[in-house]
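Printed here is protein_15.tsv (TSV, C-alpha atoms):
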```tsv
chain	number	residue	atom	x	y	z
A	145	MET	CA	-74.45	64.39	-112.84
A	146	ILE	CA	-71.74	62.36	-111.09
A	147	GLN	CA	-74.05	59.35	-110.92
A	148	GLN	CA	-74.57	59.55	-114.69
A	149	GLN	CA	-70.81	59.69	-115.33
A	150	GLN	CA	-70.24	56.74	-113.02
A	151	THR	CA	-72.89	54.79	-114.93
A	152	TYR	CA	-71.19	55.53	-118.25
A	153	PHE	CA	-67.77	54.55	-116.94
A	154	LEU	CA	-69.25	51.37	-115.47
A	155	GLU	CA	-70.72	50.56	-118.90
A	156	LEU	CA	-67.32	51.17	-120.50
A	157	TYR	CA	-65.71	48.87	-117.97
A	158	ARG	CA	-68.31	46.16	-118.59
A	159	ALA	CA	-67.87	46.44	-122.35
A	160	GLY	CA	-64.10	46.15	-121.95
A	161	MET	CA	-64.46	43.10	-119.73
A	162	ARG	CA	-66.85	41.48	-122.23
A	163	ALA	CA	-64.33	42.12	-125.00
A	164	ALA	CA	-61.50	40.59	-122.99
A	165	SER	CA	-63.68	37.62	-122.07
A	166	ASP	CA	-64.72	37.02	-125.69
A	167	ILE	CA	-61.13	37.18	-126.91
A	168	THR	CA	-59.97	34.84	-124.14
A	169	LYS	CA	-62.78	32.41	-124.96
A	170	ALA	CA	-61.84	32.42	-128.66
A	171	SER	CA	-58.20	31.85	-127.77
A	172	LEU	CA	-59.04	28.91	-125.49
A	173	GLU	CA	-61.33	27.40	-128.12
A	174	ASN	CA	-58.49	27.69	-130.63
A	175	ALA	CA	-56.12	25.94	-128.24
A	176	GLN	CA	-58.70	23.19	-127.77
A	177	ARG	CA	-59.10	22.73	-131.55
A	178	LEU	CA	-55.34	22.65	-132.01
A	179	HIS	CA	-54.98	20.11	-129.21
A	180	SER	CA	-57.67	17.93	-130.82
A	181	GLN	CA	-55.84	18.11	-134.14
A	182	GLN	CA	-52.60	17.11	-132.45
A	183	VAL	CA	-54.23	14.15	-130.70
A	184	GLU	CA	-55.83	13.06	-133.99
A	185	ALA	CA	-52.47	13.34	-135.76
A	186	LEU	CA	-50.83	11.29	-133.02
A	187	ARG	CA	-53.47	8.55	-133.33
A	188	GLU	CA	-53.02	8.52	-137.09
A	189	ALA	CA	-49.24	8.25	-136.63
A	190	VAL	CA	-49.60	5.31	-134.24
A	191	ASP	CA	-51.99	3.53	-136.62
A	192	SER	CA	-49.67	4.23	-139.53
A	193	HIS	CA	-46.73	2.88	-137.55
A	194	VAL	CA	-48.58	-0.36	-136.78
A	195	ARG	CA	-49.52	-0.80	-140.47
A	196	SER	CA	-46.00	0.02	-141.61
A	197	THR	CA	-44.46	-2.46	-139.19
A	198	ARG	CA	-46.78	-5.24	-140.40
A	199	GLN	CA	-46.08	-4.46	-144.04
A	200	LEU	CA	-42.32	-4.32	-143.50
A	201	SER	CA	-42.35	-7.61	-141.60
A	202	ASP	CA	-44.16	-9.22	-144.56
A	203	ALA	CA	-41.56	-8.01	-147.11
A	204	GLY	CA	-40.08	-10.95	-149.02
A	205	SER	CA	-36.90	-9.32	-150.30
A	206	ILE	CA	-34.67	-6.26	-149.93
A	207	ALA	CA	-36.20	-4.76	-153.08
A	208	ASP	CA	-39.72	-5.19	-151.66
A	209	MET	CA	-38.60	-3.65	-148.39
A	210	MET	CA	-36.98	-0.66	-150.15
A	211	ALA	CA	-40.07	-0.10	-152.32
A	212	LEU	CA	-42.28	-0.26	-149.25
A	213	GLN	CA	-40.00	2.18	-147.39
A	214	VAL	CA	-40.27	4.69	-150.26
A	215	LYS	CA	-44.06	4.28	-150.30
A	216	LEU	CA	-44.27	4.72	-146.52
A	217	ALA	CA	-42.00	7.77	-146.55
A	218	GLY	CA	-44.26	9.40	-149.14
A	219	ALA	CA	-47.34	8.64	-147.05
A	220	GLN	CA	-45.69	10.09	-143.94
A	221	ALA	CA	-44.69	13.25	-145.80
A	222	GLU	CA	-48.27	13.59	-147.04
A	223	GLN	CA	-49.61	13.16	-143.49
A	224	ALA	CA	-47.21	15.81	-142.19
A	225	ALA	CA	-48.19	18.23	-144.94
A	226	ASP	CA	-51.88	17.59	-144.22
A	227	PHE	CA	-51.36	18.21	-140.50
A	228	TRP	CA	-49.61	21.54	-141.10
A	229	THR	CA	-52.22	22.59	-143.66
A	230	ARG	CA	-54.98	21.97	-141.12
A	231	ALA	CA	-53.00	23.73	-138.36
A	232	TRP	CA	-52.41	26.83	-140.50
A	233	ARG	CA	-56.03	26.85	-141.68
A	234	ASN	CA	-57.17	26.65	-138.06
A	235	ALA	CA	-54.82	29.49	-137.08
A	236	THR	CA	-56.06	31.63	-139.97
A	237	GLU	CA	-59.72	31.01	-139.15
A	238	THR	CA	-59.07	31.81	-135.51
A	239	GLN	CA	-57.32	35.06	-136.35
A	240	VAL	CA	-60.15	36.11	-138.66
A	241	ALA	CA	-62.71	35.31	-135.96
A	242	MET	CA	-60.73	37.14	-133.28
A	243	LEU	CA	-60.23	40.19	-135.49
A	244	GLY	CA	-63.96	40.23	-136.15
A	245	GLN	CA	-64.65	40.11	-132.43
A	246	VAL	CA	-62.09	42.81	-131.71
A	247	GLN	CA	-63.56	45.06	-134.41
A	248	SER	CA	-67.04	44.50	-133.03
A	249	GLN	CA	-65.95	45.18	-129.46
A	250	VAL	CA	-63.92	48.24	-130.47
A	251	GLY	CA	-66.96	49.55	-132.33
A	252	GLN	CA	-69.11	49.04	-129.25
A	253	LEU	CA	-66.50	50.66	-127.02
A	254	SER	CA	-66.23	53.59	-129.44
A	255	ASP	CA	-69.99	54.02	-129.30
A	256	LYS	CA	-69.89	53.94	-125.49
A	257	VAL	CA	-67.04	56.48	-125.40
A	258	ARG	CA	-68.95	58.75	-127.79
A	259	GLU	CA	-72.05	58.44	-125.62
A	260	SER	CA	-70.01	59.19	-122.50
A	261	TYR	CA	-68.34	62.16	-124.15
A	262	SER	CA	-71.69	63.50	-125.36
A	263	ALA	CA	-73.22	63.08	-121.93
A	264	ALA	CA	-70.24	64.76	-120.25
A	265	THR	CA	-70.41	67.59	-122.77
A	266	ARG	CA	-74.13	68.05	-122.13
A	267	VAL	CA	-73.56	68.06	-118.38
A	268	ALA	CA	-70.71	70.56	-118.73
A	269	GLU	CA	-72.84	72.78	-120.98
A	270	GLN	CA	-75.71	72.62	-118.53
A	271	ALA	CA	-73.37	73.49	-115.65
A	272	ALA	CA	-71.89	76.36	-117.66
A	273	ASN	CA	-75.36	77.64	-118.57
A	274	SER	CA	-76.47	77.38	-114.96
A	275	SER	CA	-73.37	79.26	-113.84
A	276	MET	CA	-73.92	81.97	-116.46
A	277	GLU	CA	-77.55	82.29	-115.44
A	278	ALA	CA	-76.56	82.52	-111.78
A	279	MET	CA	-73.99	85.21	-112.64
A	280	ARG	CA	-76.61	87.17	-114.63
A	281	ASP	CA	-79.07	86.90	-111.77
A	282	ALA	CA	-76.44	88.12	-109.33
A	283	GLU	CA	-75.54	90.99	-111.68
A	284	ARG	CA	-79.22	91.95	-112.03
A	285	LYS	CA	-79.69	91.88	-108.29
A	286	THR	CA	-76.58	94.01	-107.83
A	287	GLN	CA	-77.84	96.53	-110.40
A	288	GLN	CA	-81.28	96.58	-108.79
A	289	GLN	CA	-79.72	97.17	-105.38
A	290	GLN	CA	-77.58	99.98	-106.79
A	291	GLN	CA	-80.62	101.59	-108.45
A	292	HIS	CA	-82.63	101.17	-105.27
A	293	ARG	CA	-79.84	102.91	-103.31
A	294	LYS	CA	-79.69	105.77	-105.84
A	295	SER	CA	-83.42	106.31	-105.67
A	296	ALA	CA	-83.52	106.19	-101.90
```
Could you rewrite the structure in this file as structure tokens?
Amino acid sequence: MIQQQQTYFLELYRAGMRAASDITKASLENAQRLHSQQVEALREAVDSHVRSTRQLSDAGSIADMMALQVKLAGAQAEQAADFWTRAWRNATETQVAMLGQVQSQVGQLSDKVRESYSAATRVAEQAANSSMEAMRDAERKTQQQQQHRKSA
């Protein structure tokens, strides 16, 4: 009886640890993806800076330089918007994946808790039935002893 309860609690503990491990893994993978996006954005910014510098150094007049500055500012704003779009998309996908994992793990834990509760209930019912049977046997023996004394 106690061994069975210990087994169920050990299974609950294992399921909880698996859930925590899966969530931690998903979180670390998200951090890795975000870091990769940041490194990619940094490389793009460096490349863009090199191109911009070359183009600005080739400008022939103030008007050309101003037109190029406006064009470059628009490109930089577009790059920033693209970066944040990808970052938010990544965050959203990660949250959806983590919620799915949490729901799955909670479902598994709920099943384990139900199994443990059912097993504990069965064990308690069996113990109660055994106790009742032992009390009935003791009562029968007492009655038999009393009848035996009356007849003797």
Which of these, A:Ser260, A:Gln290, A:Ser196, A:Asn273, has the shortest distance to Thr151 of chain A once you count all atoms listed in the file? A:Ser260
Please enclose the listed atoms of segment 165-182 of chain A in an axis-aligned box, pad each side by 5 Å, and write out the centre and the three edge lengths in Å, rounded to one decimal, as JSON.
```
{"center_x": -58.7, "center_y": 27.4, "center_z": -128.1, "size_x": 22.1, "size_y": 30.5, "size_z": 22.1}
```
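Taking only C-alpha atoms, the non-local environment of Ala164 of chain A within 10 Å (same-chain residues fewer than 6 positions away omitted) comprises Arg158, Ala170, Gln245, Val246 and Gln249 of chain A.
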Could you work out how far atom CA of Gln220 of chain A lies from atom CA of Val194 of chain A, giving the answer in Å with one decimal?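 If I compute the distance from atom CA of Val194 of chain A to atom CA of Gln220 of chain A, I get 13.0 Å.
Distance-wise, atom CA of Ala278 of chain A and atom CA of Arg266 of chain A end up 18.0 Å apart.
In terms of minimum interatomic distance to Trp232 of chain A, A:Asn174 ranks closest within A:Asn174, A:Gln289, A:Ser275, A:Ser205, counting all atoms listed in the file.
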Which residue of A:Lys256, A:Thr197, A:Ala241, A:Glu283 approaches Leu154 of chain A most closely, using only C-alpha atoms: A:Lys256
Report the distance between atom CA of Glu173 of chain A and atom CA of Leu156 of chain A in Å, rounded to one decimal place.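 So the answer is 25.7 Å.
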Please provide the set of residues having any atom within 12 Å of Leu243 of chain A, restricted to all atoms listed in the file, with same-chain residues fewer than 5 positions apart removed, written as a PyMOL selection string. chain A and resi 163+166-167+170-171+236-238+248-251
Dig up all the protein and nucleic acid residues within 12 Å of (-71.1, 66.5, -109.0) in the file frame, using all atoms listed in the file, and format them as a PyMOL selection string. chain A and resi 145-150+264+267-268+271
Between A:Arg233, A:His193, A:Lys215, A:Arg198, single out the one closest to Arg177 of chain A, counting all atoms listed in the file.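 Ranking A:Arg233, A:His193, A:Lys215, A:Arg198 by distance to Arg177 of chain A, first place goes to A:Arg233.
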